[in-house]
$ cat query_4.pdb   # PDB, C-alpha atoms and all ligand atoms
ATOM      1  CA  MET L1082      19.553  90.937  38.642
ATOM      2  CA  ALA L1083      22.070  88.249  39.510
ATOM      3  CA  GLU L1084      22.434  85.803  36.644
ATOM      4  CA  ASP L1085      23.003  82.859  38.986
ATOM      5  CA  ASP L1086      19.565  83.360  40.530
ATOM      6  CA  ASN L1087      17.926  82.754  37.189
ATOM      7  CA  GLN L1088      19.949  79.693  36.285
ATOM      8  CA  ASP L1089      19.351  78.062  39.635
ATOM      9  CA  SER L1090      17.554  74.807  38.924
ATOM     10  CA  GLN L1091      16.659  74.244  42.594
ATOM     11  CA  GLU L1092      13.032  73.222  42.852
ATOM     12  CA  VAL L1093      12.292  75.238  45.946
ATOM     13  CA  ALA L1094       8.728  76.098  45.070
ATOM     14  CA  HIS L1095       7.135  73.038  46.642
ATOM     15  CA  ASP L1096       8.823  73.375  50.004
ATOM     16  CA  LEU L1097       7.749  76.884  50.901
ATOM     17  CA  PRO L1098       4.646  77.410  53.054
ATOM     18  CA  SER L1099       1.776  79.441  51.603
ATOM     19  CA  TRP L1100       2.071  82.058  54.340
ATOM     20  CA  ALA L1101       4.781  83.129  56.813
ATOM     21  CA  PRO L1102       4.001  82.893  60.557
ATOM     22  CA  GLY L1103       5.099  86.014  62.446
ATOM     23  CA  PHE L1104       4.750  88.230  59.360
ATOM     24  CA  ALA L1105       1.594  90.019  60.655
ATOM     25  CA  SER L1106       2.986  93.339  61.914
ATOM     26  CA  TYR L1107       5.354  93.552  58.934
ATOM     27  CA  TYR L1108       2.517  92.781  56.513
ATOM     28  CA  GLU L1109       0.522  95.545  58.171
ATOM     29  CA  ALA L1110       3.466  97.916  57.655
ATOM     30  CA  LEU L1111       3.556  97.045  53.949
ATOM     31  CA  THR L1112      -0.135  97.015  53.027
ATOM     32  CA  GLY L1113      -2.318  97.994  56.019
ATOM     33  CA  ASP L1114      -3.194 101.377  54.488
ATOM     34  CA  PHE L1115      -4.210 100.079  51.053
ATOM     35  CA  ARG L1116      -7.889 100.962  50.542
ATOM     36  CA  GLY L1117      -8.211 100.848  46.724
ATOM     37  CA  ASP L1118     -10.685  97.938  46.724
ATOM     38  CA  VAL L1119     -12.632  98.847  49.893
ATOM     39  CA  PRO L1120     -15.362 100.964  48.163
ATOM     40  CA  MET L1121     -16.075  97.955  45.930
ATOM     41  CA  TYR L1122     -16.671  95.697  48.941
ATOM     42  CA  LEU L1123     -18.890  98.376  50.520
ATOM     43  CA  GLU L1124     -20.912  98.474  47.303
ATOM     44  CA  MET L1125     -21.254  94.671  47.339
ATOM     45  CA  ALA L1126     -22.420  94.805  50.952
ATOM     46  CA  LYS L1127     -25.025  97.404  49.983
ATOM     47  CA  ARG L1128     -26.291  95.157  47.157
ATOM     48  CA  TYR L1129     -26.168  91.755  48.849
ATOM     49  CA  GLY L1130     -26.448  92.510  52.574
ATOM     50  CA  SER L1131     -25.017  90.770  55.589
ATOM     51  CA  PRO L1132     -23.824  88.687  57.357
ATOM     52  CA  ILE L1133     -20.706  88.785  55.199
ATOM     53  CA  LEU L1134     -17.994  86.139  55.268
ATOM     54  CA  GLU L1135     -14.493  87.198  54.276
ATOM     55  CA  LEU L1136     -11.925  84.464  53.548
ATOM     56  CA  ALA L1137      -8.262  85.013  54.449
ATOM     57  CA  CYS L1138      -9.120  88.366  56.008
ATOM     58  CA  GLY L1139      -5.610  89.020  57.296
ATOM     59  CA  THR L1140      -5.540  91.985  59.681
ATOM     60  CA  GLY L1141      -9.038  93.155  58.761
ATOM     61  CA  ARG L1142      -8.111  95.587  56.013
ATOM     62  CA  VAL L1143     -11.485  94.928  54.313
ATOM     63  CA  ALA L1144     -13.537  93.469  57.185
ATOM     64  CA  ILE L1145     -13.070  96.508  59.439
ATOM     65  CA  PRO L1146     -14.473  99.128  57.018
ATOM     66  CA  LEU L1147     -17.405  96.777  56.312
ATOM     67  CA  ALA L1148     -18.161  96.514  60.036
ATOM     68  CA  GLU L1149     -17.690 100.271  60.422
ATOM     69  CA  ALA L1150     -20.373 100.738  57.762
ATOM     70  CA  GLY L1151     -22.780  98.731  59.939
ATOM     71  CA  TYR L1152     -22.567  95.252  58.381
ATOM     72  CA  GLU L1153     -22.199  92.060  60.375
ATOM     73  CA  VAL L1154     -18.958  90.360  59.314
ATOM     74  CA  VAL L1155     -17.247  87.034  59.973
ATOM     75  CA  ALA L1156     -13.580  87.518  59.114
ATOM     76  CA  MET L1157     -11.714  84.234  58.745
ATOM     77  CA  ASP L1158      -8.007  83.485  58.565
ATOM     78  CA  PHE L1159      -5.701  80.678  59.710
ATOM     79  CA  ASP L1160      -2.894  82.876  61.042
ATOM     80  CA  LYS L1161      -3.330  83.745  64.723
ATOM     81  CA  ASP L1162      -1.024  86.780  64.547
ATOM     82  CA  MET L1163      -2.914  88.298  61.609
ATOM     83  CA  LEU L1164      -6.176  87.729  63.485
ATOM     84  CA  SER L1165      -4.868  89.248  66.681
ATOM     85  CA  VAL L1166      -3.773  92.457  64.904
ATOM     86  CA  GLY L1167      -7.269  92.613  63.377
ATOM     87  CA  GLN L1168      -8.936  91.875  66.700
ATOM     88  CA  SER L1169      -7.093  94.640  68.528
ATOM     89  CA  LYS L1170      -8.027  97.151  65.812
ATOM     90  CA  ALA L1171     -11.676  96.016  66.066
ATOM     91  CA  LYS L1172     -11.614  96.463  69.863
ATOM     92  CA  MET L1173     -10.121  99.918  69.558
ATOM     93  CA  LEU L1174     -12.873 100.866  67.097
ATOM     94  CA  ASP L1175     -15.587  99.276  69.255
ATOM     95  CA  LEU L1176     -16.632  96.918  66.464
ATOM     96  CA  THR L1177     -16.489  93.576  68.243
ATOM     97  CA  ARG L1178     -20.287  93.182  68.353
ATOM     98  CA  ARG L1179     -20.516  93.231  64.552
ATOM     99  CA  LEU L1180     -17.126  91.839  63.590
ATOM    100  CA  GLN L1181     -16.133  88.330  64.562
ATOM    101  CA  PHE L1182     -12.620  87.106  63.756
ATOM    102  CA  SER L1183     -12.556  83.364  63.274
ATOM    103  CA  LYS L1184      -9.483  81.123  63.073
ATOM    104  CA  ALA L1185      -9.953  78.539  60.336
ATOM    105  CA  ASP L1186      -8.434  77.193  57.164
ATOM    106  CA  MET L1187     -10.318  78.189  54.035
ATOM    107  CA  LYS L1188     -10.011  74.611  52.699
ATOM    108  CA  THR L1189     -11.876  73.056  55.617
ATOM    109  CA  PHE L1190     -13.912  75.724  57.467
ATOM    110  CA  SER L1191     -17.337  74.926  58.769
ATOM    111  CA  LEU L1192     -19.502  77.618  60.332
ATOM    112  CA  ARG L1193     -23.053  77.352  61.604
ATOM    113  CA  LYS L1194     -24.219  80.148  59.339
ATOM    114  CA  LYS L1195     -25.013  80.804  55.712
ATOM    115  CA  PHE L1196     -24.151  84.058  54.002
ATOM    116  CA  PRO L1197     -25.723  86.188  51.255
ATOM    117  CA  LEU L1198     -22.224  87.507  50.501
ATOM    118  CA  ILE L1199     -18.847  85.756  50.667
ATOM    119  CA  ILE L1200     -15.699  87.637  49.725
ATOM    120  CA  ALA L1201     -12.459  86.004  48.603
ATOM    121  CA  GLY L1202     -10.768  89.280  47.824
ATOM    122  CA  ALA L1203      -7.341  90.724  47.132
ATOM    123  CA  ASN L1204      -5.851  87.563  45.690
ATOM    124  CA  SER L1205      -6.708  85.526  48.796
ATOM    125  CA  LEU L1206      -7.060  82.306  46.821
ATOM    126  CA  ILE L1207      -3.499  82.478  45.475
ATOM    127  CA  HIS L1208      -2.421  81.251  48.915
ATOM    128  CA  LEU L1209      -3.786  77.816  48.132
ATOM    129  CA  PRO L1210      -0.849  75.788  46.855
ATOM    130  CA  LYS L1211      -2.730  73.179  44.841
ATOM    131  CA  SER L1212      -5.639  73.036  42.436
ATOM    132  CA  SER L1213      -7.279  70.499  44.761
ATOM    133  CA  ASP L1214      -7.007  73.054  47.629
ATOM    134  CA  LEU L1215      -8.701  75.668  45.498
ATOM    135  CA  LYS L1216     -11.477  73.186  44.780
ATOM    136  CA  LYS L1217     -11.905  72.437  48.498
ATOM    137  CA  ALA L1218     -12.153  76.159  49.334
ATOM    138  CA  LEU L1219     -14.741  76.697  46.574
ATOM    139  CA  SER L1220     -16.735  73.762  47.822
ATOM    140  CA  ARG L1221     -16.690  75.160  51.390
ATOM    141  CA  CYS L1222     -17.904  78.493  50.010
ATOM    142  CA  LYS L1223     -20.765  76.762  48.210
ATOM    143  CA  SER L1224     -21.868  75.109  51.450
ATOM    144  CA  HIS L1225     -21.878  78.471  53.225
ATOM    145  CA  LEU L1226     -23.745  80.453  50.551
ATOM    146  CA  GLU L1227     -27.427  81.221  51.007
ATOM    147  CA  PRO L1228     -29.459  79.834  48.055
ATOM    148  CA  ASP L1229     -29.413  83.256  46.357
ATOM    149  CA  GLY L1230     -26.090  84.334  47.824
ATOM    150  CA  SER L1231     -23.092  85.573  45.824
ATOM    151  CA  LEU L1232     -19.429  84.700  46.214
ATOM    152  CA  PHE L1233     -16.949  87.267  44.888
ATOM    153  CA  ILE L1234     -13.459  86.156  43.904
ATOM    154  CA  ALA L1235     -10.955  88.914  43.102
ATOM    155  CA  PHE L1236      -7.618  88.041  41.551
ATOM    156  CA  GLU L1237      -5.036  89.343  39.125
ATOM    157  CA  PRO L1238      -4.443  87.059  36.158
ATOM    158  CA  THR L1239      -1.799  89.470  34.858
ATOM    159  CA  GLN L1240       0.521  88.180  37.537
ATOM    160  CA  TYR L1241       0.292  84.803  35.953
ATOM    161  CA  ILE L1242       0.452  86.048  32.384
ATOM    162  CA  SER L1243       3.631  87.938  33.216
ATOM    163  CA  ALA L1244       4.842  84.713  34.790
ATOM    164  CA  ALA L1245       4.402  82.946  31.477
ATOM    165  CA  GLY L1246       7.904  84.071  30.545
ATOM    166  CA  LYS L1247      11.065  82.446  31.817
ATOM    167  CA  TYR L1248      11.916  81.663  35.399
ATOM    168  CA  ARG L1249      13.251  84.903  36.833
ATOM    169  CA  VAL L1250      13.996  86.787  40.040
ATOM    170  CA  GLU L1251      12.889  90.407  40.416
ATOM    171  CA  ARG L1252      14.290  92.535  43.235
ATOM    172  CA  GLU L1253      12.516  95.673  44.454
ATOM    173  CA  ARG L1254      14.544  98.763  45.316
ATOM    174  CA  PRO L1255      14.956  99.015  49.104
ATOM    175  CA  ARG L1256      12.532 101.416  50.813
ATOM    176  CA  GLN L1257      11.592 102.377  54.338
ATOM    177  CA  VAL L1258       8.392 101.187  56.031
ATOM    178  CA  PHE L1259       7.019 101.834  59.507
ATOM    179  CA  ASN L1260       6.149  98.848  61.722
ATOM    180  CA  ARG L1261       3.554 100.264  64.157
ATOM    181  CA  GLU L1262       3.723  97.310  66.529
ATOM    182  CA  LEU L1263       7.503  97.595  66.919
ATOM    183  CA  GLY L1264       7.345 101.412  66.703
ATOM    184  CA  GLU L1265      10.243 101.252  64.263
ATOM    185  CA  THR L1266      11.010 102.436  60.791
ATOM    186  CA  LEU L1267      12.603  99.551  58.930
ATOM    187  CA  LEU L1268      14.478  99.157  55.708
ATOM    188  CA  TYR L1269      12.455  96.858  53.463
ATOM    189  CA  ARG L1270      13.472  94.910  50.424
ATOM    190  CA  GLY L1271      11.173  92.522  48.571
ATOM    191  CA  THR L1272      12.155  89.871  46.073
ATOM    192  CA  THR L1273       9.750  88.013  43.812
ATOM    193  CA  THR L1274      10.705  84.788  42.082
ATOM    194  CA  ILE L1275       8.500  83.816  39.190
ATOM    195  CA  ASP L1276       8.480  80.098  38.531
ATOM    196  CA  PRO L1277       6.107  79.359  35.651
ATOM    197  CA  ASN L1278       6.694  75.620  35.388
ATOM    198  CA  PHE L1279       5.618  75.080  38.981
ATOM    199  CA  GLN L1280       2.953  77.830  38.684
ATOM    200  CA  ARG L1281       4.394  79.583  41.712
ATOM    201  CA  ILE L1282       5.328  83.104  42.706
ATOM    202  CA  LEU L1283       7.730  83.075  45.635
ATOM    203  CA  ARG L1284       7.785  86.129  47.876
ATOM    204  CA  HIS L1285      10.834  86.970  49.965
ATOM    205  CA  HIS L1286      10.571  89.922  52.379
ATOM    206  CA  GLU L1287      13.576  91.299  54.244
ATOM    207  CA  PHE L1288      13.343  93.934  56.958
ATOM    208  CA  ALA L1289      16.461  95.459  58.518
ATOM    209  CA  ASN L1290      17.227  98.245  60.930
ATOM    210  CA  PRO L1291      18.196 101.227  58.730
ATOM    211  CA  ARG L1292      20.990 102.151  61.155
ATOM    212  CA  ALA L1293      22.409  98.624  61.140
ATOM    213  CA  PRO L1294      21.312  97.104  57.839
ATOM    214  CA  HIS L1295      23.824  94.245  58.002
ATOM    215  CA  ASP L1296      23.195  93.277  61.624
ATOM    216  CA  ALA L1297      21.637  89.818  61.168
ATOM    217  CA  SER L1298      20.285  89.832  64.734
ATOM    218  CA  ARG L1299      18.107  92.822  63.805
ATOM    219  CA  THR L1300      16.910  91.483  60.477
ATOM    220  CA  ALA L1301      13.578  89.773  59.882
ATOM    221  CA  VAL L1302      13.058  87.538  56.870
ATOM    222  CA  PHE L1303       9.783  85.995  55.648
ATOM    223  CA  ASP L1304       9.269  83.623  52.731
ATOM    224  CA  TYR L1305       6.171  82.088  51.256
ATOM    225  CA  ALA L1306       4.898  80.777  47.958
ATOM    226  CA  THR L1307       1.724  81.802  46.183
ATOM    227  CA  ARG L1308       0.047  80.103  43.265
ATOM    228  CA  PRO L1309      -1.301  82.454  40.619
ATOM    229  CA  ILE L1310      -4.688  81.461  39.294
ATOM    230  CA  PHE L1311      -5.453  80.640  35.666
ATOM    231  CA  PRO L1312      -8.935  81.955  34.779
ATOM    232  CA  GLY L1313      -9.648  78.747  32.851
ATOM    233  CA  GLU L1314      -8.629  76.586  35.794
ATOM    234  CA  LEU L1315     -10.829  78.595  38.142
ATOM    235  CA  GLU L1316     -13.795  78.314  35.785
ATOM    236  CA  VAL L1317     -13.502  74.519  35.626
ATOM    237  CA  LEU L1318     -13.194  74.212  39.405
ATOM    238  CA  ILE L1319     -16.137  76.544  40.027
ATOM    239  CA  ASP L1320     -18.280  74.396  37.756
ATOM    240  CA  SER L1321     -17.033  71.153  39.309
ATOM    241  CA  VAL L1322     -18.257  72.067  42.816
ATOM    242  CA  GLY L1323     -21.754  73.043  41.636
ATOM    243  CA  LEU L1324     -21.214  76.790  41.391
ATOM    244  CA  LYS L1325     -21.795  79.035  38.399
ATOM    245  CA  ILE L1326     -20.115  82.256  37.224
ATOM    246  CA  MET L1327     -22.779  84.952  36.910
ATOM    247  CA  ASP L1328     -20.615  87.844  35.717
ATOM    248  CA  ILE L1329     -17.012  88.994  35.578
ATOM    249  CA  ALA L1330     -16.013  92.561  36.417
ATOM    250  CA  GLY L1331     -12.667  93.994  35.393
ATOM    251  CA  ASP L1332     -12.055  96.715  37.951
ATOM    252  CA  TYR L1333     -12.907  97.901  41.438
ATOM    253  CA  GLU L1334     -15.842  99.921  40.066
ATOM    254  CA  LEU L1335     -17.319  96.538  39.037
ATOM    255  CA  ARG L1336     -17.389  97.498  35.340
ATOM    256  CA  PRO L1337     -17.458  94.527  32.950
ATOM    257  CA  MET L1338     -14.140  92.847  32.172
ATOM    258  CA  THR L1339     -12.300  93.890  29.002
ATOM    259  CA  ARG L1340      -9.113  92.542  27.397
ATOM    260  CA  GLN L1341      -7.236  95.328  29.193
ATOM    261  CA  SER L1342      -8.530  94.499  32.689
ATOM    262  CA  GLU L1343      -5.722  93.924  35.172
ATOM    263  CA  LYS L1344      -7.971  92.421  37.813
ATOM    264  CA  LEU L1345     -10.860  90.061  37.529
ATOM    265  CA  ILE L1346     -13.737  89.923  39.968
ATOM    266  CA  TYR L1347     -15.928  86.857  39.472
ATOM    267  CA  ARG L1348     -19.426  86.803  40.899
ATOM    268  CA  VAL L1349     -20.404  83.230  41.535
ATOM    269  CA  MET L1350     -23.671  81.638  42.705
ATOM    270  CA  ARG L1351     -24.910  78.133  43.431
ATOM    271  CA  LYS L1352     -26.192  76.275  40.366
ATOM    272  CA  LYS L1353     -29.982  75.985  40.494
TER     273      LYS L1353
HETATM  274  C1  LIG I   1      -1.790  88.678  51.579
HETATM  275  S1  LIG I   1      -2.733  88.341  53.024
HETATM  276  C2  LIG I   1      -4.251  89.115  52.525
HETATM  277  C3  LIG I   1      -5.076  89.569  53.687
HETATM  278  C4  LIG I   1      -6.351  90.314  53.323
HETATM  279  N1  LIG I   1      -7.224  89.534  52.443
HETATM  280  C5  LIG I   1      -6.041  91.661  52.718
HETATM  281  O1  LIG I   1      -6.489  91.918  51.610
HETATM  282  O2  LIG I   1      -5.370  92.467  53.357
HETATM  283  C6  LIG I   1      -3.084  86.631  52.840
HETATM  284  C7  LIG I   1      -3.790  86.024  54.025
HETATM  285  O3  LIG I   1      -4.182  84.705  53.669
HETATM  286  C8  LIG I   1      -4.150  83.927  54.844
HETATM  287  N2  LIG I   1      -4.182  82.528  54.451
HETATM  288  C9  LIG I   1      -3.303  81.881  53.651
HETATM  289  N3  LIG I   1      -3.682  80.612  53.488
HETATM  290  C10 LIG I   1      -4.836  80.448  54.203
HETATM  291  C11 LIG I   1      -5.711  79.345  54.414
HETATM  292  N4  LIG I   1      -5.477  78.174  53.869
HETATM  293  N5  LIG I   1      -6.797  79.542  55.183
HETATM  294  C12 LIG I   1      -7.052  80.746  55.752
HETATM  295  N6  LIG I   1      -6.248  81.818  55.594
HETATM  296  C13 LIG I   1      -5.163  81.670  54.816
HETATM  297  C14 LIG I   1      -2.864  84.356  55.520
HETATM  298  O4  LIG I   1      -2.845  84.008  56.881
HETATM  299  C15 LIG I   1      -2.933  85.865  55.277
HETATM  300  O5  LIG I   1      -3.543  86.529  56.339
END
$ encode --input "query_4.pdb" --output "structure tokens"
Amino acid sequence: MAEDDNQDSQEVAHDLPSWAPGFASYYEALTGDFRGDVPMYLEMAKRYGSPILELACGTGRVAIPLAEAGYEVVAMDFDKDMLSVGQSKAKMLDLTRRLQFSKADMKTFSLRKKFPLIIAGANSLIHLPKSSDLKKALSRCKSHLEPDGSLFIAFEPTQYISAAGKYRVERERPRQVFNRELGETLLYRGTTTIDPNFQRILRHHEFANPRAPHDASRTAVFDYATRPIFPGELEVLIDSVGLKIMDIAGDYELRPMTRQSEKLIYRVMRKK
């Protein structure tokens, strides 16, 4: 860890966007195969039914298996490249009748449908840079929930708790990843900057050609800032938009939360 990085008083956190345009195929190379939480979403679909709305669906990592299982899904995201990767996978799998990708911002979306199940999974809400944005997204969810519908919010408070220490920069060891769209194996190195005072986690992704790792013309760099969620903050905002927490699970098997839980999955309904 370079000492200078940690003494840098630059207040960069506010300037970074909450997502990086053009990152789609690289994101897919990093996380496209992760399926750890998918059985949980299938279980929710079984309990609550469809149509299902997924916020910040990315490339369809969750929406596609839900549609494959027969559920009608609206998968929403504001990044056209992420949506187009998802759309081409859905076409290939002949799912376009059940799975609709929709380009919208989760702070402002308005659809002509209500849902028995809305999913804000896999830390999706950490891409909202301000508390007021989080409130807007929750309020939009409320408007799109059926009267007895459930909204599930999955996030990892541990990320924030570990961020409660000092400002620091953590570098991952370089590893190779395969970008299917480019048909190339790339050298990947991720850097995470934890900035507790601004409640930000900055992600820096660098991809290089393994045969020419220092050739800048063949290097792709993506930066964005996320905002880890405080459980207490989320609870206040949920209440303030007229929603109510029904239960909190602590793992992908939807078992109740314990002190040791590394993830929290809130089930939220409209207040009666
Ligand atoms: C880390 S990806 C997660 C994708 C997907 N939920 C998954 O689990 O694979 C975050 C996604 O959030 C989307 N996103 C960020 N801010 C958004 C916003 N305000 N409205 C809609 N989508 C947003 C990005 O475009 C990106 O696809």
$ residues_near_ligand --input "query_4.pdb" --ligand "ligand LIG 1 (chain I)" --cutoff "8 Å" --atoms "only C-alpha atoms and all ligand atoms" --output "short mmCIF file (atom, residue, chain, number, x, y, z; two decimals) with C-alpha atoms, in the frame of the given file"
data_model
loop_
_atom_site.label_atom_id
_atom_site.label_comp_id
_atom_site.auth_asym_id
_atom_site.auth_seq_id
_atom_site.Cartn_x
_atom_site.Cartn_y
_atom_site.Cartn_z
CA SER L 1099 1.78 79.44 51.60
CA TRP L 1100 2.07 82.06 54.34
CA ALA L 1101 4.78 83.13 56.81
CA PRO L 1102 4.00 82.89 60.56
CA ALA L 1105 1.59 90.02 60.66
CA TYR L 1108 2.52 92.78 56.51
CA THR L 1112 -0.14 97.02 53.03
CA GLY L 1113 -2.32 97.99 56.02
CA GLU L 1135 -14.49 87.20 54.28
CA LEU L 1136 -11.92 84.46 53.55
CA ALA L 1137 -8.26 85.01 54.45
CA CYS L 1138 -9.12 88.37 56.01
CA GLY L 1139 -5.61 89.02 57.30
CA THR L 1140 -5.54 91.98 59.68
CA GLY L 1141 -9.04 93.16 58.76
CA ARG L 1142 -8.11 95.59 56.01
CA VAL L 1143 -11.48 94.93 54.31
CA MET L 1157 -11.71 84.23 58.74
CA ASP L 1158 -8.01 83.48 58.56
CA PHE L 1159 -5.70 80.68 59.71
CA ASP L 1160 -2.89 82.88 61.04
CA LYS L 1161 -3.33 83.74 64.72
CA MET L 1163 -2.91 88.30 61.61
CA LEU L 1164 -6.18 87.73 63.48
CA LYS L 1184 -9.48 81.12 63.07
CA ALA L 1185 -9.95 78.54 60.34
CA ASP L 1186 -8.43 77.19 57.16
CA MET L 1187 -10.32 78.19 54.04
CA LYS L 1188 -10.01 74.61 52.70
CA ALA L 1201 -12.46 86.00 48.60
CA GLY L 1202 -10.77 89.28 47.82
CA ALA L 1203 -7.34 90.72 47.13
CA ASN L 1204 -5.85 87.56 45.69
CA SER L 1205 -6.71 85.53 48.80
CA LEU L 1206 -7.06 82.31 46.82
CA HIS L 1208 -2.42 81.25 48.92
CA LEU L 1209 -3.79 77.82 48.13
#
$ closest_residue --input "query_4.pdb" --among "L:Leu1268, L:Ala1235, L:Ser1191, L:Lys1170" --to "L:His1295" --atoms "only C-alpha atoms"
L:Leu1268
$ closest_residue --input "query_4.pdb" --among "L:Gln1257, L:Ser1231, L:Ser1106, L:Thr1273" --to "L:Leu1134" --atoms "all atoms listed in the file"
L:Ser1231
$ resolve_selection --input "query_4.pdb" --expression "the PyMOL selection byres (((chain L and resi 1176) around 10) and not hetatm)" --output "PyMOL selection string"
chain L and resi 1145-1146+1148-1149+1151+1153-1154+1168+1170-1175+1177-1181
$ atom_distance --input "query_4.pdb" --atom1 "atom CA of L:Asn1260" --atom2 "atom CA of L:Ile1207"
25.0 Å
$ residues_near_point --input "query_4.pdb" --point "(-25.5, 76.1, 50.4)" --cutoff "12 Å" --atoms "only C-alpha atoms" --output "number ranges by chain"
L: 1191-1199, 1219-1232, 1322-1324, 1350-1353
$ write_last_selection --input "query_4.pdb" --atoms "C-alpha atoms" --output "mmCIF file, in the frame of the given file"
data_model
loop_
_atom_site.group_PDB
_atom_site.id
_atom_site.type_symbol
_atom_site.label_atom_id
_atom_site.label_comp_id
_atom_site.auth_asym_id
_atom_site.auth_seq_id
_atom_site.Cartn_x
_atom_site.Cartn_y
_atom_site.Cartn_z
ATOM 1 C CA SER L 1191 -17.337 74.926 58.769
ATOM 2 C CA LEU L 1192 -19.502 77.618 60.332
ATOM 3 C CA ARG L 1193 -23.053 77.352 61.604
ATOM 4 C CA LYS L 1194 -24.219 80.148 59.339
ATOM 5 C CA LYS L 1195 -25.013 80.804 55.712
ATOM 6 C CA PHE L 1196 -24.151 84.058 54.002
ATOM 7 C CA PRO L 1197 -25.723 86.188 51.255
ATOM 8 C CA LEU L 1198 -22.224 87.507 50.501
ATOM 9 C CA ILE L 1199 -18.847 85.756 50.667
ATOM 10 C CA LEU L 1219 -14.741 76.697 46.574
ATOM 11 C CA SER L 1220 -16.735 73.762 47.822
ATOM 12 C CA ARG L 1221 -16.690 75.160 51.390
ATOM 13 C CA CYS L 1222 -17.904 78.493 50.010
ATOM 14 C CA LYS L 1223 -20.765 76.762 48.210
ATOM 15 C CA SER L 1224 -21.868 75.109 51.450
ATOM 16 C CA HIS L 1225 -21.878 78.471 53.225
ATOM 17 C CA LEU L 1226 -23.745 80.453 50.551
ATOM 18 C CA GLU L 1227 -27.427 81.221 51.007
ATOM 19 C CA PRO L 1228 -29.459 79.834 48.055
ATOM 20 C CA ASP L 1229 -29.413 83.256 46.357
ATOM 21 C CA GLY L 1230 -26.090 84.334 47.824
ATOM 22 C CA SER L 1231 -23.092 85.573 45.824
ATOM 23 C CA LEU L 1232 -19.429 84.700 46.214
ATOM 24 C CA VAL L 1322 -18.257 72.067 42.816
ATOM 25 C CA GLY L 1323 -21.754 73.043 41.636
ATOM 26 C CA LEU L 1324 -21.214 76.790 41.391
ATOM 27 C CA MET L 1350 -23.671 81.638 42.705
ATOM 28 C CA ARG L 1351 -24.910 78.133 43.431
ATOM 29 C CA LYS L 1352 -26.192 76.275 40.366
ATOM 30 C CA LYS L 1353 -29.982 75.985 40.494
#
$ resolve_selection --input "query_4.pdb" --expression "the PyMOL selection byres (((chain L and resi 1274) around 10) and not hetatm)" --output "PyMOL selection string"
chain L and resi 1086-1087+1094+1244+1248-1252+1272-1273+1275-1277+1281-1285+1306
$ closest_residue --input "query_4.pdb" --among "L:Gly1271, L:Pro1337, L:Gly1264, L:Pro1238" --to "L:Glu1314" --atoms "all atoms listed in the file"
L:Pro1238
$ residues_around --input "query_4.pdb" --residues "stretch 1329-1332 of chain L" --least-positions-apart "6" --cutoff "10 Å" --atoms "all atoms listed in the file" --output "PyMOL selection string"
chain L and resi 1118+1121+1233-1237+1338-1349
$ closest_residue --input "query_4.pdb" --among "L:Leu1215, L:Leu1318, L:Leu1097, L:Leu1263" --to "L:Tyr1305" --atoms "all atoms listed in the file"
L:Leu1097
$ atom_distance --input "query_4.pdb" --atom1 "atom CA of L:Met1327" --atom2 "atom CA of L:Phe1182"
28.8 Å
$ axis_aligned_box --input "query_4.pdb" --around "stretch 1150-1166 of chain L" --padding-each-side "3 Å" --output "JSON"
{"center_x": -11.9, "center_y": 90.7, "center_z": 62.2, "size_x": 27.8, "size_y": 26.1, "size_z": 14.9}
$ residues_around --input "query_4.pdb" --residues "stretch 1297-1302 of chain L" --least-positions-apart "6" --cutoff "6 Å" --atoms "only C-alpha atoms" --output "ChimeraX atom specification"
/L:1286-1289
$ atom_distance --input "query_4.pdb" --atom1 "atom CA of L:Thr1189" --atom2 "atom CA of L:Pro1210"
14.3 Å
$ closest_residue --input "query_4.pdb" --among "L:Ser1212, L:Tyr1333, L:Leu1267, L:Pro1120" --to "L:Ile1310" --atoms "all atoms listed in the file"
L:Ser1212
$ resolve_selection --input "query_4.pdb" --expression "the PyMOL selection byres (((chain L and resi 1256) around 8) and not hetatm)" --output "NGL selection string"
:L and (1254-1255 or 1257-1258 or 1268-1270)
$ closest_residue --input "query_4.pdb" --among "L:Asp1328, L:Ala1110, L:Val1119, L:Glu1262" --to "L:Ser1165" --atoms "only C-alpha atoms"
L:Glu1262
